[in-house]
file protein-v9.cif (mmCIF, C-alpha atoms)
data_input
#
loop_
_atom_site.group_PDB
_atom_site.id
_atom_site.type_symbol
_atom_site.label_atom_id
_atom_site.label_comp_id
_atom_site.auth_asym_id
_atom_site.auth_seq_id
_atom_site.Cartn_x
_atom_site.Cartn_y
_atom_site.Cartn_z
ATOM 1 C CA MET A 21 -19.920 -34.996 -39.215
ATOM 2 C CA LYS A 22 -17.264 -35.447 -41.861
ATOM 3 C CA LYS A 23 -13.750 -35.352 -40.494
ATOM 4 C CA ARG A 24 -11.933 -32.161 -41.315
ATOM 5 C CA LYS A 25 -8.982 -32.259 -43.678
ATOM 6 C CA ARG A 26 -6.612 -29.470 -42.829
ATOM 7 C CA ARG A 27 -4.730 -27.740 -45.604
ATOM 8 C CA TYR A 28 -2.081 -26.405 -43.265
ATOM 9 C CA TRP A 29 -1.445 -26.170 -39.550
ATOM 10 C CA GLY A 30 0.370 -23.279 -38.026
ATOM 11 C CA THR A 31 2.104 -20.149 -39.147
ATOM 12 C CA ILE A 32 2.699 -18.758 -42.611
ATOM 13 C CA LEU A 33 6.426 -18.083 -42.803
ATOM 14 C CA THR A 34 8.380 -15.512 -44.755
ATOM 15 C CA GLU A 35 11.497 -16.180 -46.752
ATOM 16 C CA THR A 36 13.453 -15.551 -43.544
ATOM 17 C CA ASN A 37 11.396 -18.241 -41.732
ATOM 18 C CA ARG A 38 9.666 -15.755 -39.453
ATOM 19 C CA ALA A 39 6.006 -15.591 -38.575
ATOM 20 C CA VAL A 40 4.200 -12.506 -39.859
ATOM 21 C CA VAL A 41 1.825 -10.464 -37.704
ATOM 22 C CA SER A 42 0.158 -7.496 -39.379
ATOM 23 C CA ILE A 43 -1.010 -4.417 -37.472
ATOM 24 C CA GLN A 44 -3.244 -1.982 -39.321
ATOM 25 C CA LYS A 45 -4.524 1.359 -38.074
ATOM 26 C CA CYS A 46 -8.213 2.033 -38.631
ATOM 27 C CA GLU A 47 -8.327 5.344 -40.488
ATOM 28 C CA ASN A 48 -11.468 7.501 -40.674
ATOM 29 C CA ASN A 49 -13.539 4.818 -38.923
ATOM 30 C CA ASP A 50 -13.177 2.558 -41.996
ATOM 31 C CA VAL A 51 -13.111 -0.783 -40.188
ATOM 32 C CA LYS A 52 -13.588 -2.862 -43.335
ATOM 33 C CA SER A 53 -10.498 -1.436 -45.034
ATOM 34 C CA ALA A 54 -8.437 -1.910 -41.874
ATOM 35 C CA VAL A 55 -9.483 -5.557 -41.574
ATOM 36 C CA PHE A 56 -8.836 -6.255 -45.280
ATOM 37 C CA HIS A 57 -5.384 -4.632 -45.153
ATOM 38 C CA ALA A 58 -4.460 -6.449 -41.936
ATOM 39 C CA ILE A 59 -5.446 -9.831 -43.384
ATOM 40 C CA LYS A 60 -3.531 -9.232 -46.590
ATOM 41 C CA GLY A 61 -0.512 -8.050 -44.618
ATOM 42 C CA SER A 62 -0.488 -11.300 -42.627
ATOM 43 C CA GLY A 63 -0.011 -13.353 -45.781
ATOM 44 C CA PHE A 64 -3.232 -15.300 -45.265
ATOM 45 C CA LYS A 65 -5.039 -16.620 -48.336
ATOM 46 C CA ILE A 66 -8.256 -18.601 -48.446
ATOM 47 C CA GLY A 67 -7.698 -22.070 -49.868
ATOM 48 C CA THR A 68 -9.937 -23.849 -52.337
ATOM 49 C CA ASN A 69 -12.894 -26.075 -51.423
ATOM 50 C CA ILE A 70 -13.826 -24.063 -48.347
ATOM 51 C CA HIS A 71 -17.490 -24.783 -47.648
ATOM 52 C CA THR A 72 -17.850 -24.294 -43.886
ATOM 53 C CA VAL A 73 -16.430 -21.501 -41.742
ATOM 54 C CA ALA A 74 -16.522 -21.093 -37.964
ATOM 55 C CA ILE A 75 -15.836 -17.601 -36.617
ATOM 56 C CA LYS A 76 -15.096 -17.663 -32.882
ATOM 57 C CA LEU A 77 -16.300 -14.459 -31.263
ATOM 58 C CA ASN A 78 -15.208 -13.055 -27.908
ATOM 59 C CA LEU A 79 -18.437 -12.373 -26.015
ATOM 60 C CA CYS A 80 -17.823 -11.672 -22.345
ATOM 61 C CA TYR A 81 -21.018 -11.720 -20.306
ATOM 62 C CA TYR A 82 -23.380 -9.079 -21.736
ATOM 63 C CA TRP A 83 -21.035 -6.120 -22.099
ATOM 64 C CA ASP A 84 -21.128 -3.968 -25.222
ATOM 65 C CA SER A 85 -18.048 -3.688 -27.457
ATOM 66 C CA SER A 86 -17.574 -0.090 -26.285
ATOM 67 C CA THR A 87 -16.338 -1.498 -22.948
ATOM 68 C CA GLY A 88 -13.422 -3.236 -24.663
ATOM 69 C CA GLU A 89 -14.741 -6.596 -23.434
ATOM 70 C CA THR A 90 -16.522 -7.985 -26.500
ATOM 71 C CA THR A 91 -15.992 -8.314 -30.244
ATOM 72 C CA ASP A 92 -17.173 -5.350 -32.303
ATOM 73 C CA LYS A 93 -19.734 -6.409 -34.924
ATOM 74 C CA ARG A 94 -18.059 -4.113 -37.472
ATOM 75 C CA VAL A 95 -14.953 -6.302 -37.327
ATOM 76 C CA VAL A 96 -17.033 -9.464 -37.687
ATOM 77 C CA SER A 97 -18.890 -7.928 -40.633
ATOM 78 C CA ALA A 98 -15.606 -7.114 -42.380
ATOM 79 C CA VAL A 99 -14.295 -10.662 -41.855
ATOM 80 C CA ILE A 100 -17.505 -12.110 -43.316
ATOM 81 C CA ASP A 101 -17.178 -9.785 -46.322
ATOM 82 C CA TYR A 102 -13.544 -10.830 -46.834
ATOM 83 C CA ILE A 103 -14.426 -14.542 -46.774
ATOM 84 C CA ARG A 104 -17.237 -14.075 -49.257
ATOM 85 C CA GLU A 105 -15.193 -11.874 -51.561
ATOM 86 C CA TYR A 106 -12.227 -14.238 -51.733
ATOM 87 C CA GLY A 107 -13.874 -17.590 -50.941
ATOM 88 C CA ASP A 108 -16.152 -19.948 -52.837
ATOM 89 C CA PRO A 109 -19.769 -18.923 -53.552
ATOM 90 C CA GLY A 110 -22.319 -20.462 -51.205
ATOM 91 C CA ILE A 111 -19.908 -20.738 -48.312
ATOM 92 C CA LYS A 112 -21.678 -21.423 -44.987
ATOM 93 C CA ILE A 113 -20.544 -19.249 -42.087
ATOM 94 C CA LYS A 114 -21.244 -19.796 -38.392
ATOM 95 C CA LEU A 115 -20.607 -17.223 -35.676
ATOM 96 C CA VAL A 116 -19.787 -19.325 -32.635
ATOM 97 C CA GLU A 117 -19.455 -18.850 -28.890
ATOM 98 C CA ALA A 118 -19.920 -21.125 -25.881
ATOM 99 C CA ASP A 119 -21.697 -20.706 -22.573
ATOM 100 C CA ALA A 120 -19.575 -19.643 -19.609
ATOM 101 C CA THR A 121 -19.970 -20.075 -15.861
ATOM 102 C CA SER A 122 -21.938 -16.819 -15.646
ATOM 103 C CA MET A 123 -23.043 -16.289 -19.264
ATOM 104 C CA LYS A 124 -25.634 -17.928 -21.482
ATOM 105 C CA THR A 125 -24.697 -17.521 -25.127
ATOM 106 C CA ARG A 126 -28.292 -17.373 -26.355
ATOM 107 C CA TYR A 127 -28.890 -14.325 -24.164
ATOM 108 C CA SER A 128 -25.570 -12.755 -25.112
ATOM 109 C CA PHE A 129 -26.395 -13.067 -28.821
ATOM 110 C CA LYS A 130 -29.739 -11.344 -28.227
ATOM 111 C CA ILE A 131 -28.589 -8.624 -25.810
ATOM 112 C CA LEU A 132 -25.546 -7.663 -27.906
ATOM 113 C CA GLY A 133 -27.561 -7.461 -31.133
ATOM 114 C CA TYR A 134 -26.122 -10.484 -32.890
ATOM 115 C CA ASP A 135 -29.551 -11.938 -33.714
ATOM 116 C CA GLY A 136 -30.420 -9.134 -36.134
ATOM 117 C CA PHE A 137 -26.816 -8.853 -37.293
ATOM 118 C CA ALA A 138 -26.732 -12.543 -38.284
ATOM 119 C CA ARG A 139 -29.949 -12.242 -40.252
ATOM 120 C CA GLY A 140 -28.630 -9.207 -42.077
ATOM 121 C CA LYS A 141 -25.346 -10.930 -42.990
ATOM 122 C CA ASN A 142 -27.040 -14.278 -43.754
ATOM 123 C CA VAL A 143 -24.914 -16.253 -41.305
ATOM 124 C CA GLU A 144 -25.780 -18.723 -38.561
ATOM 125 C CA LEU A 145 -25.406 -18.169 -34.820
ATOM 126 C CA PHE A 146 -24.251 -21.290 -33.033
ATOM 127 C CA ASN A 147 -23.772 -22.134 -29.362
ATOM 128 C CA LEU A 148 -20.741 -24.417 -29.005
ATOM 129 C CA SER A 149 -22.106 -25.695 -25.698
ATOM 130 C CA ASP A 150 -24.916 -27.353 -27.695
ATOM 131 C CA ASP A 151 -22.451 -29.010 -30.084
ATOM 132 C CA GLU A 152 -21.273 -32.602 -30.148
ATOM 133 C CA PHE A 153 -17.767 -32.866 -28.819
ATOM 134 C CA GLN A 154 -14.614 -34.923 -28.627
ATOM 135 C CA THR A 155 -12.906 -35.302 -25.273
ATOM 136 C CA PHE A 156 -9.176 -34.689 -25.074
ATOM 137 C CA THR A 157 -7.245 -35.445 -21.891
ATOM 138 C CA ILE A 158 -4.402 -33.195 -20.799
ATOM 139 C CA GLU A 159 -2.019 -33.460 -17.859
ATOM 140 C CA ALA A 160 -1.763 -30.539 -15.455
ATOM 141 C CA LYS A 161 -0.212 -30.431 -11.989
ATOM 142 C CA GLY A 162 -0.057 -34.205 -11.836
ATOM 143 C CA LYS A 163 -3.707 -34.676 -12.765
ATOM 144 C CA LYS A 164 -5.465 -35.816 -15.933
ATOM 145 C CA ILE A 165 -7.997 -33.193 -17.036
ATOM 146 C CA PRO A 166 -10.676 -34.122 -19.623
ATOM 147 C CA ILE A 167 -11.482 -31.241 -21.997
ATOM 148 C CA PRO A 168 -14.566 -31.441 -24.285
ATOM 149 C CA ILE A 169 -13.794 -29.745 -27.609
ATOM 150 C CA PRO A 170 -16.761 -28.927 -29.912
ATOM 151 C CA LEU A 171 -16.648 -30.725 -33.251
ATOM 152 C CA THR A 172 -17.356 -27.447 -35.027
ATOM 153 C CA MET A 173 -13.952 -26.202 -33.843
ATOM 154 C CA LEU A 174 -12.296 -29.348 -35.153
ATOM 155 C CA HIS A 175 -14.062 -30.065 -38.429
ATOM 156 C CA SER A 176 -14.899 -26.725 -40.064
ATOM 157 C CA ASP A 177 -13.022 -26.084 -43.314
ATOM 158 C CA LEU A 178 -11.891 -22.678 -42.090
ATOM 159 C CA ILE A 179 -11.634 -21.405 -38.522
ATOM 160 C CA VAL A 180 -11.284 -17.700 -37.752
ATOM 161 C CA ASN A 181 -10.546 -16.490 -34.235
ATOM 162 C CA ILE A 182 -11.638 -12.903 -33.422
ATOM 163 C CA PRO A 183 -10.443 -12.075 -29.894
ATOM 164 C CA LYS A 184 -10.203 -8.750 -28.098
ATOM 165 C CA LEU A 185 -7.033 -7.040 -26.904
ATOM 166 C CA LYS A 186 -7.457 -6.783 -23.148
ATOM 167 C CA VAL A 187 -5.915 -7.359 -19.737
ATOM 168 C CA PRO A 188 -8.321 -9.203 -17.402
ATOM 169 C CA ARG A 189 -8.060 -10.717 -13.936
ATOM 170 C CA ARG A 190 -6.048 -13.900 -13.333
ATOM 171 C CA VAL A 191 -3.896 -13.696 -16.493
ATOM 172 C CA PRO A 192 -1.949 -10.678 -17.803
ATOM 173 C CA LEU A 193 -3.392 -10.980 -21.311
ATOM 174 C CA THR A 194 -6.598 -12.069 -22.987
ATOM 175 C CA CYS A 195 -6.213 -12.376 -26.721
ATOM 176 C CA ALA A 196 -6.017 -15.177 -29.288
ATOM 177 C CA MET A 197 -5.062 -18.158 -27.131
ATOM 178 C CA LYS A 198 -7.329 -17.258 -24.225
ATOM 179 C CA ASN A 199 -10.291 -16.774 -26.587
ATOM 180 C CA LEU A 200 -10.081 -20.465 -27.500
ATOM 181 C CA PHE A 201 -10.453 -21.307 -23.803
ATOM 182 C CA GLY A 202 -13.933 -19.821 -24.234
ATOM 183 C CA ALA A 203 -14.669 -22.404 -26.939
ATOM 184 C CA ILE A 204 -14.553 -25.345 -24.529
ATOM 185 C CA GLN A 205 -17.915 -27.099 -24.718
ATOM 186 C CA ASN A 206 -18.404 -27.337 -20.937
ATOM 187 C CA PRO A 207 -20.141 -24.171 -19.672
ATOM 188 C CA ILE A 208 -18.623 -24.448 -16.171
ATOM 189 C CA LYS A 209 -15.206 -23.171 -17.140
ATOM 190 C CA ALA A 210 -14.393 -22.112 -13.598
ATOM 191 C CA LYS A 211 -13.503 -25.768 -12.935
ATOM 192 C CA TYR A 212 -10.403 -25.297 -15.117
ATOM 193 C CA HIS A 213 -9.133 -22.181 -13.314
ATOM 194 C CA PRO A 214 -6.707 -24.083 -11.040
ATOM 195 C CA TYR A 215 -5.024 -25.327 -14.236
ATOM 196 C CA LEU A 216 -5.710 -22.267 -16.369
ATOM 197 C CA HIS A 217 -2.324 -21.819 -18.069
ATOM 198 C CA GLU A 218 -1.933 -25.535 -18.762
ATOM 199 C CA VAL A 219 -5.447 -25.769 -20.218
ATOM 200 C CA ILE A 220 -5.043 -22.678 -22.412
ATOM 201 C CA ALA A 221 -1.704 -23.885 -23.779
ATOM 202 C CA ASN A 222 -2.890 -27.425 -24.476
ATOM 203 C CA ILE A 223 -6.171 -26.554 -26.173
ATOM 204 C CA ASN A 224 -4.197 -24.346 -28.549
ATOM 205 C CA GLY A 225 -2.457 -27.514 -29.663
ATOM 206 C CA ILE A 226 -5.881 -28.995 -30.430
ATOM 207 C CA MET A 227 -7.865 -26.080 -31.890
ATOM 208 C CA LYS A 228 -5.731 -24.330 -34.501
ATOM 209 C CA PRO A 229 -7.424 -21.416 -36.273
ATOM 210 C CA ASP A 230 -6.350 -20.632 -39.808
ATOM 211 C CA LEU A 231 -6.690 -16.891 -39.221
ATOM 212 C CA VAL A 232 -6.622 -14.660 -36.142
ATOM 213 C CA ILE A 233 -8.097 -11.156 -36.285
ATOM 214 C CA VAL A 234 -7.670 -9.144 -33.087
ATOM 215 C CA ASP A 235 -10.269 -6.450 -32.484
ATOM 216 C CA GLY A 236 -8.200 -3.604 -31.071
ATOM 217 C CA LEU A 237 -10.651 -0.844 -31.921
ATOM 218 C CA VAL A 238 -11.347 -0.438 -28.209
ATOM 219 C CA ALA A 239 -8.698 -2.129 -26.077
ATOM 220 C CA LEU A 240 -9.038 -2.753 -22.372
ATOM 221 C CA GLY A 241 -6.278 -2.180 -19.867
ATOM 222 C CA LYS A 242 -6.577 0.005 -16.801
ATOM 223 C CA HIS A 243 -9.615 1.397 -18.621
ATOM 224 C CA PRO A 244 -11.147 1.090 -22.120
ATOM 225 C CA TYR A 245 -9.136 2.956 -24.732
ATOM 226 C CA LYS A 246 -9.782 3.635 -28.425
ATOM 227 C CA MET A 247 -6.621 2.236 -30.003
ATOM 228 C CA ASN A 248 -8.222 1.856 -33.453
ATOM 229 C CA VAL A 249 -6.037 -1.038 -34.590
ATOM 230 C CA ILE A 250 -6.631 -4.428 -36.155
ATOM 231 C CA ILE A 251 -4.055 -7.171 -35.686
ATOM 232 C CA ALA A 252 -3.926 -10.210 -37.989
ATOM 233 C CA GLY A 253 -1.876 -13.387 -38.102
ATOM 234 C CA THR A 254 -2.139 -17.069 -38.923
ATOM 235 C CA ASN A 255 -0.990 -18.493 -35.595
ATOM 236 C CA SER A 256 -2.431 -17.769 -32.163
ATOM 237 C CA LEU A 257 0.886 -17.947 -30.288
ATOM 238 C CA SER A 258 2.580 -15.534 -32.704
ATOM 239 C CA VAL A 259 -0.296 -13.072 -32.403
ATOM 240 C CA ASP A 260 -0.308 -13.304 -28.612
ATOM 241 C CA TRP A 261 3.447 -12.712 -28.533
ATOM 242 C CA VAL A 262 2.869 -9.365 -30.246
ATOM 243 C CA ALA A 263 -0.236 -8.581 -28.189
ATOM 244 C CA ALA A 264 1.691 -9.194 -24.975
ATOM 245 C CA LYS A 265 4.314 -6.666 -26.066
ATOM 246 C CA ILE A 266 1.597 -4.116 -26.823
ATOM 247 C CA VAL A 267 0.001 -4.406 -23.361
ATOM 248 C CA GLY A 268 3.390 -3.811 -21.753
ATOM 249 C CA CYS A 269 4.790 -7.290 -21.138
ATOM 250 C CA ARG A 270 8.464 -6.951 -22.058
ATOM 251 C CA ASN A 271 9.036 -10.697 -21.824
ATOM 252 C CA PRO A 272 5.918 -12.579 -23.014
ATOM 253 C CA ARG A 273 7.431 -15.844 -21.744
ATOM 254 C CA LYS A 274 6.496 -14.663 -18.242
ATOM 255 C CA ILE A 275 2.893 -15.396 -19.215
ATOM 256 C CA GLY A 276 2.474 -19.046 -18.283
ATOM 257 C CA TYR A 277 0.423 -20.270 -21.224
ATOM 258 C CA ILE A 278 2.646 -18.493 -23.761
ATOM 259 C CA LYS A 279 5.747 -20.116 -22.280
ATOM 260 C CA LEU A 280 4.092 -23.555 -22.265
ATOM 261 C CA ALA A 281 2.782 -23.221 -25.831
ATOM 262 C CA GLU A 282 6.214 -22.176 -27.068
ATOM 263 C CA GLU A 283 7.822 -25.153 -25.310
ATOM 264 C CA LYS A 284 5.285 -27.474 -26.944
ATOM 265 C CA GLY A 285 5.996 -26.017 -30.404
ATOM 266 C CA PHE A 286 2.496 -24.682 -31.006
ATOM 267 C CA GLY A 287 3.708 -21.627 -32.899
ATOM 268 C CA ASP A 288 6.520 -19.249 -33.711
ATOM 269 C CA THR A 289 7.726 -16.437 -31.441
ATOM 270 C CA ASP A 290 10.295 -15.132 -33.932
ATOM 271 C CA VAL A 291 7.792 -12.665 -35.329
ATOM 272 C CA LYS A 292 8.049 -10.176 -38.164
ATOM 273 C CA ILE A 293 5.689 -7.258 -37.510
ATOM 274 C CA VAL A 294 4.356 -5.340 -40.506
ATOM 275 C CA GLY A 295 2.308 -2.147 -40.448
ATOM 276 C CA GLU A 296 1.988 -0.029 -37.327
ATOM 277 C CA ASP A 297 4.885 0.678 -34.973
ATOM 278 C CA ILE A 298 4.528 -1.578 -31.936
ATOM 279 C CA ASP A 299 6.454 0.804 -29.670
ATOM 280 C CA ARG A 300 3.898 3.538 -30.350
ATOM 281 C CA LEU A 301 1.049 1.196 -29.471
ATOM 282 C CA THR A 302 2.789 0.097 -26.275
ATOM 283 C CA SER A 303 3.229 3.728 -25.263
ATOM 284 C CA ILE A 304 -0.485 4.517 -25.581
ATOM 285 C CA PHE A 305 -1.948 1.299 -24.152
ATOM 286 C CA PRO A 306 -3.450 1.993 -20.691
ATOM 287 C CA SER A 307 -1.217 -0.520 -18.934
ATOM 288 C CA ILE A 308 -2.032 -2.006 -15.573
ATOM 289 C CA ASN A 309 0.103 -3.370 -12.756
ATOM 290 C CA ILE A 310 -1.169 -6.953 -12.751
ATOM 291 C CA SER A 311 0.418 -7.936 -9.441
ATOM 292 C CA TRP A 312 -1.065 -4.942 -7.629
ATOM 293 C CA PHE A 313 -4.406 -5.384 -9.391
ATOM 294 C CA ASN A 314 -4.616 -9.063 -8.383
ATOM 295 C CA LEU A 315 -3.625 -8.269 -4.803
ATOM 296 C CA LYS A 316 -6.363 -5.644 -4.516
ATOM 297 C CA TRP A 317 -8.891 -8.032 -6.055
ATOM 298 C CA LYS A 318 -7.995 -10.832 -3.617
ATOM 299 C CA LEU A 319 -8.296 -8.470 -0.662
ATOM 300 C CA GLN A 320 -11.673 -7.241 -1.930
ATOM 301 C CA LEU A 321 -12.901 -10.804 -2.436
ATOM 302 C CA LYS A 322 -11.775 -11.790 1.072
ATOM 303 C CA GLY A 323 -13.688 -8.795 2.410
ATOM 304 C CA ILE A 324 -16.814 -9.883 0.537
ATOM 305 C CA LYS A 325 -16.520 -13.436 1.866
ATOM 306 C CA PHE A 326 -16.059 -12.136 5.407
ATOM 307 C CA TYR A 327 -19.161 -9.971 4.945
ATOM 308 C CA THR A 328 -21.205 -12.981 3.771
ATOM 309 C CA ARG A 329 -20.183 -15.053 6.786
ATOM 310 C CA ILE A 330 -21.462 -12.318 9.082
ATOM 311 C CA THR A 331 -24.643 -11.391 7.216
ATOM 312 C CA GLY A 332 -25.551 -14.699 5.565
ATOM 313 C CA ASP A 333 -25.717 -12.993 2.168
ATOM 314 C CA ILE A 334 -24.679 -14.886 -0.966
ATOM 315 C CA ILE A 335 -21.600 -14.297 -3.124
ATOM 316 C CA PRO A 336 -22.587 -14.008 -6.812
ATOM 317 C CA PRO A 337 -21.165 -16.943 -8.819
ATOM 318 C CA VAL A 338 -19.207 -14.588 -11.060
ATOM 319 C CA LEU A 339 -17.256 -13.399 -7.999
ATOM 320 C CA GLY A 340 -16.840 -16.721 -6.281
ATOM 321 C CA ASP A 341 -15.440 -18.351 -9.414
ATOM 322 C CA LEU A 342 -12.759 -15.744 -10.068
#

call {"tool": "encode", "arguments": {"input": "protein-v9.cif", "output": "structure tokens"}}
result
Amino acid sequence: MKKRKRRYWGTILTETNRAVVSIQKCENNDVKSAVFHAIKGSGFKIGTNIHTVAIKLNLCYYWDSSTGETTDKRVVSAVIDYIREYGDPGIKIKLVEADATSMKTRYSFKILGYDGFARGKNVELFNLSDDEFQTFTIEAKGKKIPIPIPLTMLHSDLIVNIPKLKVPRRVPLTCAMKNLFGAIQNPIKAKYHPYLHEVIANINGIMKPDLVIVDGLVALGKHPYKMNVIIAGTNSLSVDWVAAKIVGCRNPRKIGYIKLAEEKGFGDTDVKIVGEDIDRLTSIFPSINISWFNLKWKLQLKGIKFYTRITGDIIPPVLGDL
């Protein structure tokens, strides 16, 4: 595969040297207009000689987008339309995702309707776990950790990251940076959990999307909530800084991988927000007490393990890995 020549790395800056993150409300269920306005507000422009595009989805197990867990196909459709409208004719677009410890991408594509969607939009579905890869070694907690990065995420002419806005277990935010963790070629991602923040931060210094589009149509906090927003930016750290504020994190540096990425210079946290009022979004997001949530989860998991020791039953891998 031909080595990728990057046109730029990192954040588009304004005249005041601040990163721009655009937040657009989706009016009257017009997702395409919201995505187009958000992209334009971010300052992103497609460069010339773009022939290959990789769009990283956020597919979490086999849950529908109505749960707030997975990327809404309407957002993906709008991004494809934007690329084709403003990019070169004949551009080749791949929708990409990788296998996870408890998810097979080929089944996720089929169950979530991406097979028919891809045919209708004339794009390719691609499993990053089947890709060739380059191994990068990072240091975490005194150990050297090899990370296989798919070549598609290194060599495509344009990389678009489409994460969800959600608060999961283990980390207080899943958005742009965490979605790239899902692009690691190795399906057994649970092996990286002891070094999760270090791995997330470091891979965001390796994989650097040109455009981030956050699907906030249905966000996930304490419960799924129709926020009807699209967030766009050109740097994953800058976008996550804003996303962290929206989900109720007053100091995003308290999130380990954000703090590490900022220290490593992987993006700008001096962010200019355009569009929707972030305070309004913070007030309506169904926030969750992460510490209490994690404590309850640990107690529940201990109870399950105790039950299995007594009965001889088996803990599902999805539970044992978390």

call {"tool": "closest_residue", "arguments": {"input": "protein-v9.cif", "among": "A:Ser176, A:Asn255, A:Thr289, A:Asn48", "to": "Ala74 in chain A", "atoms": "only C-alpha atoms"}}
result
A:Ser176

call {"tool": "atom_distance", "arguments": {"input": "protein-v9.cif", "atom1": "CA of Gly88 in chain A", "atom2": "CA of Tyr102 in chain A"}}
result
23.4 Å

call {"tool": "resolve_selection", "arguments": {"input": "protein-v9.cif", "expression": "the PyMOL selection byres ((chain A and resi 211) around 12)", "output": "NGL selection string"}}
result
:A and (120-121 or 165-167 or 204 or 206-210 or 212-216 or 219 or 340-342)

call {"tool": "atom_distance", "arguments": {"input": "protein-v9.cif", "atom1": "CA of Ser62 in chain A", "atom2": "CA of Leu193 in chain A"}}
result
21.5 Å

call {"tool": "resolve_selection", "arguments": {"input": "protein-v9.cif", "expression": "the PyMOL selection byres ((chain A and resi 274) around 12)", "output": "ChimeraX atom specification"}}
result
/A:191-193,217,261,264-265,268-273,275-280,282

call {"tool": "atom_distance", "arguments": {"input": "protein-v9.cif", "atom1": "CA of Glu144 in chain A", "atom2": "CA of Leu231 in chain A"}}
result
19.2 Å

call {"tool": "residues_around", "arguments": {"input": "protein-v9.cif", "residues": "Lys45 in chain A", "least_positions_apart": "6", "cutoff": "8 Å", "atoms": "only C-alpha atoms", "output": "number ranges by chain"}}
result
A: 54, 248-250, 296

call {"tool": "closest_residue", "arguments": {"input": "protein-v9.cif", "among": "A:Val51, A:Leu257, A:Ile111, A:Val99", "to": "Asn69 in chain A", "atoms": "only C-alpha atoms"}}
result
A:Ile111

call {"tool": "closest_residue", "arguments": {"input": "protein-v9.cif", "among": "A:Thr254, A:Thr91, A:Ser122, A:Thr302", "to": "Pro183 in chain A", "atoms": "all atoms listed in the file"}}
result
A:Thr91

call {"tool": "resolve_selection", "arguments": {"input": "protein-v9.cif", "expression": "the PyMOL selection byres ((chain A and resi 181) around 6)", "output": "list in words"}}
result
Ile75, Lys76, Val180, Ile182 and Val232 of chain A

call {"tool": "build_atoms", "arguments": {"input": "protein-v9.cif", "residues": "range 96-110 of chain A", "atoms": "N, CA and C atoms", "output": "PDB file, in the coordinates of the input"}}
result
ATOM      1  N   VAL A  96     -16.453  -8.197 -37.230  1.00  0.00           N
ATOM      2  CA  VAL A  96     -17.033  -9.464 -37.687  1.00  0.00           C
ATOM      3  C   VAL A  96     -17.607  -9.305 -39.089  1.00  0.00           C
ATOM      4  N   SER A  97     -18.310  -8.199 -39.315  1.00  0.00           N
ATOM      5  CA  SER A  97     -18.890  -7.928 -40.633  1.00  0.00           C
ATOM      6  C   SER A  97     -17.816  -7.878 -41.713  1.00  0.00           C
ATOM      7  N   ALA A  98     -16.699  -7.222 -41.404  1.00  0.00           N
ATOM      8  CA  ALA A  98     -15.606  -7.114 -42.380  1.00  0.00           C
ATOM      9  C   ALA A  98     -14.987  -8.477 -42.667  1.00  0.00           C
ATOM     10  N   VAL A  99     -14.845  -9.315 -41.649  1.00  0.00           N
ATOM     11  CA  VAL A  99     -14.295 -10.662 -41.855  1.00  0.00           C
ATOM     12  C   VAL A  99     -15.227 -11.490 -42.736  1.00  0.00           C
ATOM     13  N   ILE A 100     -16.527 -11.401 -42.481  1.00  0.00           N
ATOM     14  CA  ILE A 100     -17.505 -12.110 -43.316  1.00  0.00           C
ATOM     15  C   ILE A 100     -17.398 -11.644 -44.766  1.00  0.00           C
ATOM     16  N   ASP A 101     -17.298 -10.329 -44.962  1.00  0.00           N
ATOM     17  CA  ASP A 101     -17.178  -9.785 -46.322  1.00  0.00           C
ATOM     18  C   ASP A 101     -15.910 -10.287 -47.006  1.00  0.00           C
ATOM     19  N   TYR A 102     -14.808 -10.356 -46.262  1.00  0.00           N
ATOM     20  CA  TYR A 102     -13.544 -10.830 -46.834  1.00  0.00           C
ATOM     21  C   TYR A 102     -13.672 -12.291 -47.285  1.00  0.00           C
ATOM     22  N   ILE A 103     -14.269 -13.119 -46.442  1.00  0.00           N
ATOM     23  CA  ILE A 103     -14.426 -14.542 -46.774  1.00  0.00           C
ATOM     24  C   ILE A 103     -15.276 -14.709 -48.019  1.00  0.00           C
ATOM     25  N   ARG A 104     -16.340 -13.938 -48.105  1.00  0.00           N
ATOM     26  CA  ARG A 104     -17.237 -14.075 -49.257  1.00  0.00           C
ATOM     27  C   ARG A 104     -16.624 -13.495 -50.531  1.00  0.00           C
ATOM     28  N   GLU A 105     -15.815 -12.480 -50.378  1.00  0.00           N
ATOM     29  CA  GLU A 105     -15.193 -11.874 -51.561  1.00  0.00           C
ATOM     30  C   GLU A 105     -14.104 -12.765 -52.143  1.00  0.00           C
ATOM     31  N   TYR A 106     -13.361 -13.443 -51.266  1.00  0.00           N
ATOM     32  CA  TYR A 106     -12.227 -14.238 -51.733  1.00  0.00           C
ATOM     33  C   TYR A 106     -12.454 -15.746 -51.653  1.00  0.00           C
ATOM     34  N   GLY A 107     -13.582 -16.174 -51.065  1.00  0.00           N
ATOM     35  CA  GLY A 107     -13.874 -17.590 -50.941  1.00  0.00           C
ATOM     36  C   GLY A 107     -14.845 -18.081 -51.999  1.00  0.00           C
ATOM     37  N   ASP A 108     -15.234 -19.340 -51.886  1.00  0.00           N
ATOM     38  CA  ASP A 108     -16.152 -19.948 -52.837  1.00  0.00           C
ATOM     39  C   ASP A 108     -17.577 -19.432 -52.622  1.00  0.00           C
ATOM     40  N   PRO A 109     -18.366 -19.307 -53.701  1.00  0.00           N
ATOM     41  CA  PRO A 109     -19.769 -18.923 -53.552  1.00  0.00           C
ATOM     42  C   PRO A 109     -20.530 -19.975 -52.739  1.00  0.00           C
ATOM     43  N   GLY A 110     -21.504 -19.532 -51.977  1.00  0.00           N
ATOM     44  CA  GLY A 110     -22.319 -20.462 -51.205  1.00  0.00           C
ATOM     45  C   GLY A 110     -21.676 -20.950 -49.920  1.00  0.00           C
TER      46      GLY A 110
END
